[in-house]
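Colleague: Here you go, this is final_8.cif (mmCIF, C-alpha atoms).
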data_run
loop_
_atom_site.label_atom_id
_atom_site.label_comp_id
_atom_site.auth_asym_id
_atom_site.auth_seq_id
_atom_site.Cartn_x
_atom_site.Cartn_y
_atom_site.Cartn_z
CA MET A 61 17.71 -11.53 12.48
CA ARG A 62 20.72 -10.54 10.40
CA ASN A 63 21.24 -7.33 12.37
CA SER A 64 20.79 -8.81 15.83
CA PRO A 65 23.95 -10.24 17.42
CA ASN A 66 21.84 -12.01 20.04
CA ARG A 67 19.63 -13.73 17.48
CA ILE A 68 22.61 -14.68 15.28
CA VAL A 69 24.54 -16.18 18.22
CA ALA A 70 21.45 -17.95 19.64
CA THR A 71 20.62 -19.48 16.26
CA VAL A 72 24.17 -20.55 15.37
CA PHE A 73 24.97 -21.94 18.83
CA GLY A 74 21.53 -23.56 19.01
CA ALA A 75 22.09 -25.36 15.71
CA VAL A 76 25.56 -26.50 16.77
CA TYR A 77 24.37 -27.77 20.14
CA VAL A 78 21.43 -29.67 18.59
CA LEU A 79 23.86 -31.23 16.10
CA VAL A 80 26.34 -32.11 18.86
CA GLY A 81 23.49 -33.59 20.93
CA LEU A 82 22.36 -35.78 18.05
CA LEU A 83 25.90 -36.87 17.11
CA GLY A 84 26.57 -37.67 20.76
CA PHE A 85 24.11 -40.55 20.68
CA ALA A 86 26.25 -42.19 17.98
CA VAL A 87 29.14 -42.60 20.44
CA THR A 88 27.21 -43.37 23.63
CA GLY A 89 25.59 -46.66 22.59
CA GLY A 90 26.92 -48.76 25.48
CA VAL A 91 27.35 -45.93 27.94
CA GLY A 92 25.18 -45.68 31.05
CA PHE A 93 22.74 -42.76 31.23
CA ILE A 94 24.81 -40.91 33.84
CA ALA A 95 28.11 -42.81 33.49
CA THR A 96 31.03 -40.73 34.77
CA GLU A 97 33.16 -41.89 31.82
CA GLY A 98 31.33 -41.57 28.55
CA GLY A 99 32.05 -41.97 24.86
CA LEU A 100 34.26 -39.58 22.96
CA LEU A 101 32.58 -37.26 20.49
CA LEU A 102 34.96 -36.32 17.65
CA GLY A 103 37.61 -38.20 19.66
CA ILE A 104 37.88 -35.35 22.14
CA PHE A 105 34.68 -34.43 23.96
CA GLU A 106 33.50 -36.91 26.57
CA VAL A 107 29.72 -37.31 26.64
CA ASN A 108 27.05 -39.59 28.10
CA PRO A 109 23.34 -39.79 27.19
CA LEU A 110 22.40 -37.23 29.87
CA HIS A 111 25.02 -34.87 28.44
CA ASN A 112 23.52 -35.40 24.96
CA ILE A 113 20.03 -34.58 26.20
CA ALA A 114 21.37 -31.46 27.93
CA HIS A 115 22.96 -30.39 24.63
CA LEU A 116 19.69 -31.04 22.78
CA LEU A 117 17.60 -29.06 25.28
CA ILE A 118 20.04 -26.13 25.38
CA GLY A 119 20.30 -26.15 21.59
CA ALA A 120 16.52 -26.21 21.22
CA ALA A 121 16.09 -23.35 23.70
CA LEU A 122 18.67 -21.26 21.84
CA LEU A 123 17.19 -22.06 18.44
CA ILE A 124 13.65 -21.21 19.51
CA ALA A 125 14.75 -17.99 21.21
CA GLY A 126 16.89 -17.04 18.21
CA SER A 127 14.00 -17.50 15.83
CA ALA A 128 11.53 -15.69 18.14
CA ASN A 129 12.77 -12.18 18.90
CA VAL A 130 15.70 -10.17 20.23
CA ALA A 131 14.51 -10.04 23.85
CA ALA A 132 14.05 -13.83 24.02
CA ALA A 133 17.44 -14.44 22.41
CA LYS A 134 19.12 -12.01 24.79
CA THR A 135 17.51 -13.62 27.84
CA VAL A 136 18.31 -17.20 26.83
CA ASN A 137 21.87 -16.27 25.82
CA THR A 138 22.46 -14.66 29.22
CA VAL A 139 20.91 -17.53 31.19
CA VAL A 140 22.68 -20.29 29.25
CA GLY A 141 25.98 -18.36 29.29
CA GLY A 142 25.74 -17.78 33.04
CA ALA A 143 24.86 -21.43 33.64
CA TYR A 144 27.77 -22.61 31.52
CA LEU A 145 30.16 -20.29 33.35
CA LEU A 146 28.96 -21.79 36.63
CA LEU A 147 29.35 -25.27 35.15
CA GLY A 148 32.88 -24.33 34.11
CA ILE A 149 33.74 -23.36 37.69
CA VAL A 150 31.92 -26.23 39.39
CA GLY A 151 33.03 -28.73 36.74
CA PHE A 152 36.63 -28.68 37.88
CA PHE A 153 35.49 -29.83 41.30
CA LEU A 154 33.27 -32.58 39.87
CA ALA A 155 35.22 -34.21 37.03
CA GLY A 156 36.67 -37.58 38.02
CA THR A 157 34.17 -37.99 40.87
CA ALA A 158 30.84 -39.81 41.17
CA ALA A 159 29.15 -36.41 41.01
CA ASN A 160 30.32 -35.99 37.40
CA VAL A 161 26.89 -36.97 36.07
CA LEU A 162 27.50 -35.20 32.76
CA ALA A 163 30.82 -36.99 32.01
CA LEU A 164 33.01 -33.95 31.52
CA ASN A 165 36.68 -33.77 30.56
CA THR A 166 38.96 -30.82 29.97
CA ALA A 167 37.99 -30.49 26.32
CA ASP A 168 34.39 -30.17 27.46
CA HIS A 169 35.40 -27.43 29.87
CA PHE A 170 37.15 -25.54 27.08
CA LEU A 171 33.98 -25.70 24.97
CA HIS A 172 31.75 -24.75 27.89
CA LEU A 173 33.98 -21.84 28.89
CA ALA A 174 34.23 -20.49 25.34
CA SER A 175 30.46 -20.92 24.87
CA ALA A 176 29.78 -19.27 28.22
CA ILE A 177 31.89 -16.24 27.38
CA VAL A 178 30.33 -15.76 23.95
CA LEU A 179 26.74 -16.30 25.12
CA LEU A 180 27.12 -14.20 28.29
CA GLY A 181 29.10 -11.55 26.43
CA VAL A 182 26.53 -11.12 23.69
CA GLY A 183 23.60 -11.47 26.12
CA VAL A 184 24.92 -8.82 28.49
CA GLY A 185 26.87 -6.65 26.08
CA ALA A 186 24.72 -6.44 22.96
CA GLU A 187 21.36 -4.74 22.38
CA ARG A 188 20.99 -3.26 25.83
CA SER A 189 17.70 -1.63 24.82
CA ALA A 190 16.12 -4.83 23.49
CA ARG A 191 13.74 -5.23 26.42
CA VAL A 192 12.75 -1.59 26.35
CA ALA A 193 12.24 -1.60 22.60
CA THR A 194 10.16 -4.78 22.76
CA ALA A 195 8.06 -3.42 25.59
CA GLU A 196 7.44 -0.17 23.74
CA GLY A 197 6.58 -2.06 20.56
CA ALA A 198 4.09 -4.25 22.42
CA SER A 199 2.30 -1.38 24.14
CA PRO A 200 -0.69 0.15 22.30
CA MET B 175 38.85 1.97 14.07
CA THR B 176 38.81 -1.69 13.04
CA ALA B 177 41.17 -3.01 15.69
CA PRO B 178 39.47 -1.24 18.65
CA THR B 179 36.05 -2.52 17.51
CA LEU B 180 37.32 -6.06 17.11
CA ALA B 181 39.09 -6.09 20.48
CA ARG B 182 36.61 -3.88 22.32
CA THR B 183 35.36 -6.63 24.62
CA TRP B 184 38.72 -8.29 25.20
CA PRO B 185 39.60 -6.47 28.46
CA MET B 186 36.22 -7.53 29.89
CA LEU B 187 36.66 -11.11 28.69
CA SER B 188 40.18 -11.06 30.10
CA ALA B 189 38.76 -10.04 33.47
CA LEU B 190 36.37 -13.01 33.31
CA GLY B 191 39.24 -15.39 32.53
CA GLY B 192 41.43 -13.90 35.26
CA GLY B 193 38.60 -14.05 37.77
CA LEU B 194 37.96 -17.72 37.04
CA VAL B 195 41.61 -18.71 37.43
CA LEU B 196 41.99 -16.67 40.62
CA LEU B 197 38.91 -18.36 42.09
CA ALA B 198 40.27 -21.81 41.20
CA LEU B 199 43.59 -20.85 42.81
CA ALA B 200 41.74 -19.67 45.91
CA ALA B 201 40.04 -23.07 46.18
CA GLY B 202 43.43 -24.80 46.52
CA ALA B 203 45.29 -22.14 48.50
CA GLY B 204 45.62 -21.84 52.24
CA GLY B 205 45.61 -19.03 54.76
CA ALA B 206 45.23 -15.38 53.87
CA ALA B 207 46.19 -16.05 50.27
CA ALA B 208 42.94 -17.98 49.72
CA GLY B 209 40.80 -15.08 50.88
CA ALA B 210 42.75 -12.50 48.89
CA LEU B 211 42.61 -14.62 45.72
CA ALA B 212 38.87 -15.25 46.15
CA VAL B 213 38.14 -11.54 46.61
CA ALA B 214 40.27 -10.67 43.57
CA GLY B 215 38.56 -13.41 41.52
CA ILE B 216 35.06 -12.25 42.40
CA ALA B 217 36.09 -8.65 41.71
CA GLY B 218 37.42 -9.67 38.28
CA LEU B 219 34.28 -11.57 37.33
CA SER B 220 32.03 -8.75 38.56
CA TRP B 221 34.02 -6.05 36.78
CA GLY B 222 33.98 -8.07 33.55
CA VAL B 223 30.21 -8.62 33.54
CA LEU B 224 29.34 -5.07 34.64
CA SER B 225 31.71 -3.53 32.08
CA LEU B 226 30.23 -5.69 29.32
CA ARG B 227 26.80 -4.50 30.38
CA ALA B 228 27.90 -0.86 30.46
CA GLY B 229 29.70 -1.11 27.13
CA ARG B 230 32.86 0.43 28.60
CA ALA B 231 35.41 -0.09 31.36
CA ILE B 232 33.62 0.93 34.54
CA VAL B 233 35.47 2.63 37.42
CA PRO B 234 38.73 2.51 35.44
CA ALA B 235 40.86 4.19 38.10
CA VAL B 236 39.71 1.72 40.77
CA ALA B 237 40.15 -1.22 38.37
CA LEU B 238 43.63 0.01 37.52
CA GLY B 239 44.55 0.25 41.20
CA VAL B 240 43.14 -3.18 42.05
CA SER B 241 44.68 -4.91 39.04
CA THR B 242 48.06 -3.31 39.75
CA ALA B 243 47.83 -4.46 43.37
CA VAL B 244 46.93 -8.00 42.25
CA LEU B 245 49.88 -8.04 39.85
CA ALA B 246 52.20 -6.80 42.61
CA GLY B 247 50.79 -9.39 45.00
CA ALA B 248 51.25 -12.17 42.46
CA GLY B 249 54.83 -11.06 41.86
CA ALA B 250 55.49 -10.99 45.60
CA LEU B 251 53.96 -14.46 46.05
CA VAL B 252 56.23 -15.93 43.38
CA GLY B 253 59.30 -13.85 44.22
CA THR B 254 59.31 -14.61 47.95
CA GLY B 255 58.48 -18.28 47.53
CA LEU B 256 55.23 -17.83 49.43
CA ALA B 257 53.29 -19.21 46.47
CA VAL B 258 54.67 -22.69 47.07
CA ALA B 259 54.28 -22.40 50.85
CA THR B 260 50.61 -21.41 50.56
CA GLY B 261 49.75 -23.98 47.90
CA VAL B 262 49.31 -21.51 45.04
CA ALA B 263 50.36 -23.05 41.70
CA VAL B 264 52.79 -20.72 39.92
CA GLY B 265 51.72 -21.55 36.34
CA PRO B 266 48.05 -20.63 36.79
CA LEU B 267 49.10 -17.56 38.79
CA VAL B 268 51.18 -16.40 35.80
CA ALA B 269 48.21 -17.06 33.48
CA ALA B 270 45.93 -15.06 35.79
CA SER B 271 48.53 -12.29 35.81
CA VAL B 272 48.44 -12.15 32.01
CA PHE B 273 44.66 -11.68 32.12
CA ILE B 274 44.94 -9.03 34.84
CA ALA B 275 47.74 -7.25 32.94
CA VAL B 276 45.39 -6.84 29.96
CA VAL B 277 42.81 -5.24 32.28
CA ALA B 278 45.48 -3.01 33.83
CA ALA B 279 46.77 -1.88 30.43
CA HIS B 280 43.28 -1.10 29.16
CA THR B 281 42.17 0.78 32.27
CA ALA B 282 45.46 2.72 32.29
CA PHE B 283 44.71 3.76 28.72
CA VAL B 284 41.17 4.83 29.67
CA VAL B 285 42.38 6.79 32.71
CA ARG B 286 45.03 8.54 30.60
CA ARG B 287 42.50 9.37 27.89
CA ARG B 288 40.10 10.79 30.47
CA SER B 289 42.74 12.95 32.07
CA ARG B 290 43.66 14.32 28.65
CA ALA B 291 40.01 14.97 27.79
CA ALA B 292 39.58 16.81 31.09
CA ARG B 293 42.16 19.42 30.08
CA PRO B 294 40.45 22.60 28.85
CA THR B 295 41.25 22.85 25.14
CA PRO B 296 39.00 24.77 22.77
CA ASP B 297 38.68 22.07 20.09
CA GLN B 298 38.53 18.92 22.19
CA ASP B 299 36.19 16.10 21.21
CA ARG B 300 34.28 15.17 24.37
CA SER B 301 32.25 12.57 22.54
CA VAL B 302 35.19 10.14 22.74
CA ASP B 303 34.65 9.50 26.42
CA ALA B 304 30.89 9.80 26.34
CA THR B 305 30.35 6.57 24.43
CA THR B 306 27.16 4.75 25.24
CA ARG B 307 27.47 2.10 22.56
CA PRO B 308 26.80 -1.47 23.62
CA ALA B 309 29.92 -3.61 24.10
CA VAL B 310 28.88 -5.79 21.17
CA ASP B 311 27.62 -3.56 18.39
CA GLY B 312 27.87 -4.89 14.86
CA ARG B 313 29.30 -7.97 13.22
CA LEU B 314 32.95 -7.04 13.63
CA SER B 315 32.60 -6.73 17.39
CA LEU B 316 30.71 -10.04 17.40
CA VAL B 317 33.60 -11.70 15.56
CA GLY B 318 35.93 -10.05 18.09
CA LEU B 319 33.84 -11.45 20.94
CA VAL B 320 34.08 -15.00 19.56
CA ALA B 321 37.84 -14.64 18.92
CA GLY B 322 38.36 -13.19 22.39
CA ALA B 323 36.33 -16.01 23.97
CA LEU B 324 38.49 -18.62 22.23
CA LEU B 325 41.68 -16.86 23.34
CA VAL B 326 40.50 -16.59 26.94
CA ALA B 327 39.26 -20.19 27.03
CA GLY B 328 42.51 -21.34 25.40
CA LEU B 329 44.59 -19.81 28.20
CA ALA B 330 42.16 -20.27 31.08
CA THR B 331 41.35 -23.96 30.53
CA PRO B 332 44.92 -25.31 30.90
CA ALA B 333 45.52 -22.83 33.72
CA LEU B 334 42.42 -24.08 35.53
CA ALA B 335 43.49 -27.68 34.90
CA ALA B 336 46.88 -26.93 36.47
CA THR B 337 45.36 -25.62 39.69
CA GLU B 338 45.01 -27.96 42.64
CA ALA B 339 41.28 -28.23 42.00
CA GLY B 340 41.88 -29.07 38.36
CA GLU B 341 44.55 -31.67 39.12
CA LEU B 342 42.35 -33.37 41.69
CA ALA B 343 39.49 -33.36 39.18
CA VAL B 344 41.19 -35.76 36.76
CA PRO B 345 43.02 -38.43 38.77
CA HIS B 346 45.97 -39.74 36.76
CA GLY B 347 45.15 -43.32 37.76
CA GLU B 348 41.93 -43.13 35.77
CA HIS B 349 43.65 -42.48 32.45
CA GLY B 350 43.48 -45.31 29.99
CA LYS B 351 40.09 -46.68 31.01
CA GLN B 352 37.69 -47.79 28.27
CA GLY B 353 40.55 -49.31 26.32
CA GLY B 354 42.44 -46.09 26.36
CA THR B 355 39.82 -44.26 24.35
CA SER B 356 38.92 -41.76 27.00
CA VAL B 357 42.43 -40.41 27.43
CA THR B 358 43.13 -37.09 25.86
CA ASP B 359 46.05 -34.75 26.12
CA ALA B 360 43.56 -32.20 27.19
CA ASP B 361 43.19 -34.13 30.44
CA HIS B 362 46.64 -32.80 31.26
CA GLY B 363 45.80 -29.31 30.19
CA GLY B 364 47.11 -30.03 26.71
CA ASP B 365 50.71 -30.17 27.86
CA GLY B 366 51.51 -33.01 25.55
CA HIS B 367 52.79 -35.61 28.03
CA ARG B 368 51.38 -39.11 28.26
CA HIS B 369 51.36 -41.88 30.83
#
How does this structure look as structure tokens?
Modeller:
Amino acid sequence: MRNSPNRIVATVFGAVYVLVGLLGFAVTGGVGFIATEGGLLLGIFEVNPLHNIAHLLIGAALLIAGSANVAAAKTVNTVVGGAYLLLGIVGFFLAGTAANVLALNTADHFLHLASAIVLLGVGVGAERSARVATAEGASP
Amino acid sequence: MTAPTLARTWPMLSALGGGLVLLALAAGAGGAAAGALAVAGIAGLSWGVLSLRAGRAIVPAVALGVSTAVLAGAGALVGTGLAVATGVAVGPLVAASVFIAVVAAHTAFVVRRRSRAARPTPDQDRSVDATTRPAVDGRLSLVGLVAGALLVAGLATPALAATEAGELAVPHGEHGKQGGTSVTDADHGGDGHRH
């Protein structure tokens, strides 16, 4: 794992997102499941219970992929990074509206955009031969 | 070799940031400017992802031409006052121009290096241009990727917030709800003013 950028990033980001998901429940006690204005995590990031669950699921997916193998980590990093980038674009058209089911504010967008760039960057740009190497290793 | 390794992915990340801001500007612009900004934004995002995948700046001469044209167009929009007339916010356009300028500078460097390598000299090192390394290769480049992502997000987020789409996304009348706990400076793109 130490020599794989994809596994390092997946594991670190997975752990952070699981932690953020768990901490989020501490500030969303009286907040509706998909309330458009949620509680503030660390006084900055606006979250609601759905947002917390999304963080937990994404964190778990990254952690599992990071602890599995390079190909899994690379795939999950790329998919989550791409999804976050899309969320970053779409988010600016949703925040402040009833469609903002994840309760996002600008600090959230900063985190999502930075996460998206790192995850997509490492997923696309690192260990290009991971799939090939895994496939060759699996074949008899 | 430390600095190039650390900043190796930055032109690609810069293209991603520029593409995002240009797309957000396109969403709020009118007329031909909207189409041109959207095309430039998609081109920036595509070039960034494909270059990351290739581990190098792809089609550098084309990227240099396009990024120079975008910079000239942005300058013309601001200089002639058309930016205001077409609903293009000047601040985000300047931020996008910074991102595009990084791409232009990098691709200009690559084009220049290639033209030098193409000259027939007996002791030239052709391996310089024949790199097939992944974009992220080793811990230093990974640290560079994280640092670059923070830089790009740090400039792109307030720029996106200052676009028409971003301003509509956080209505000022909603600030102060929940006993004022949900208000953050970041809601204004971190510009420090309060209501």
Colleague: Please determine an axis-aligned box that encloses all atoms of stretch 325-341 of chain B listed in the file, with 3 Å added on each side, and express its centre and edge lengths in Å to one decimal as JSON.
Modeller:
{"center_x": 43.1, "center_y": -24.1, "center_z": 33.0, "size_x": 13.6, "size_y": 21.1, "size_z": 25.3}
Colleague: Which residues fall under the PyMOL selection byres ((chain B and resi 187) around 10) in this file, as a PyMOL selection string?
Modeller: (chain A and resi 177-178+181) or (chain B and resi 181-186+188-193+218-219+221-223+225-226+273+276-277+319+322-323+325-327)
Colleague: May I have the residues within 10 Å of A:Arg188 as a list of chain:residue names, using all atoms listed in the file and disregarding those fewer than 5 positions away in the same chain?
Modeller: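 The neighbour list is A:Ala131, A:Lys134, A:Val182, A:Gly183, A:Ala193, B:Arg227, B:Ala228, B:Gly229, B:Arg307, B:Pro308, B:Ala309, B:Val310, B:Asp311.
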Colleague: Have a look at atom CA of B:Leu238 and atom CA of B:Ala217 and let me know their distance in Å, one decimal.
Modeller: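 The value is 12.2 Å.
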Colleague: The PyMOL selection byres ((chain B and resi 205) around 12) - which residues does that actually catch in the file I just gave you? List them as a count of residues only.
Modeller: 18
Colleague: For a cut-off of 12 Å around (41.3, 0.6, 36.4), file coordinates, pick out all residues using only C-alpha atoms and list them as number ranges by chain.
Modeller: B: 185-186, 189, 217-218, 221-222, 225, 230-244, 274-286, 288
Colleague: Selected by the PyMOL selection byres ((chain A and resi 138) around 8) in the shown coordinates: which residues, as a PyMOL selection string?
Modeller: chain A and resi 134-137+139-142+179-184
Colleague: Pick out the residues sitting within 12 Å of A:Ile113, and hand them over as a list of chain:residue names; count only C-alpha atoms, and ignore anything fewer than 6 positions along from it in its own chain.
Modeller: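 Skipping anything fewer than 6 positions along the chain leaves A:Tyr77, A:Val78, A:Leu79, A:Val80, A:Gly81, A:Leu82, A:Leu83, A:Gly84, A:Phe85, A:Thr88, A:Phe93, A:Ile94, A:Val107, A:Gly119, A:Ala120, A:Leu162.
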Colleague: One decimal, Å: what's the distance from atom CA of B:Leu245 over to atom CA of A:Leu173, could you say?
Modeller: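 Atom-to-atom, atom CA of B:Leu245 and atom CA of A:Leu173 are spaced 23.7 Å apart.
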Colleague: Do you have the atom CA of A:Ile124-atom CA of A:His172 distance handy?
Modeller: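 Atom-to-atom, atom CA of A:Ile124 and atom CA of A:His172 are spaced 20.3 Å apart.
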Colleague: Using only C-alpha atoms, pick whichever of A:Leu100, A:Ala143, A:Asn108, A:Val87 has the shortest atom-to-atom distance to chain B.
Modeller: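 Nearest to chain B: A:Leu100.
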Colleague: Counting all atoms listed in the file, which of B:Thr337, B:Ser315, B:Ser220, B:Ser271 gets nearest to B:Gly249?
Modeller: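 The answer is B:Ser271, which sits nearest to B:Gly249.
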Colleague: Which of these, A:Gly185, A:Gly74, A:Pro109, A:Gly126, has the shortest distance to chain B once you count all atoms listed in the file?
Modeller: A:Gly185
Colleague: Using all atoms listed in the file, which of B:Ala248, B:Ala292, B:Leu334, B:Val272 sits nearest chain A?
Modeller: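 Checking each of B:Ala248, B:Ala292, B:Leu334, B:Val272 against chain A, counting all atoms listed in the file, the winner is B:Leu334.
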Colleague: Closest to B:Val264 among B:Leu224, B:Leu194, B:Leu329, B:Ala336, using all atoms listed in the file?
Modeller: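 Answer, going by the shortest atom-to-atom distance: B:Ala336.
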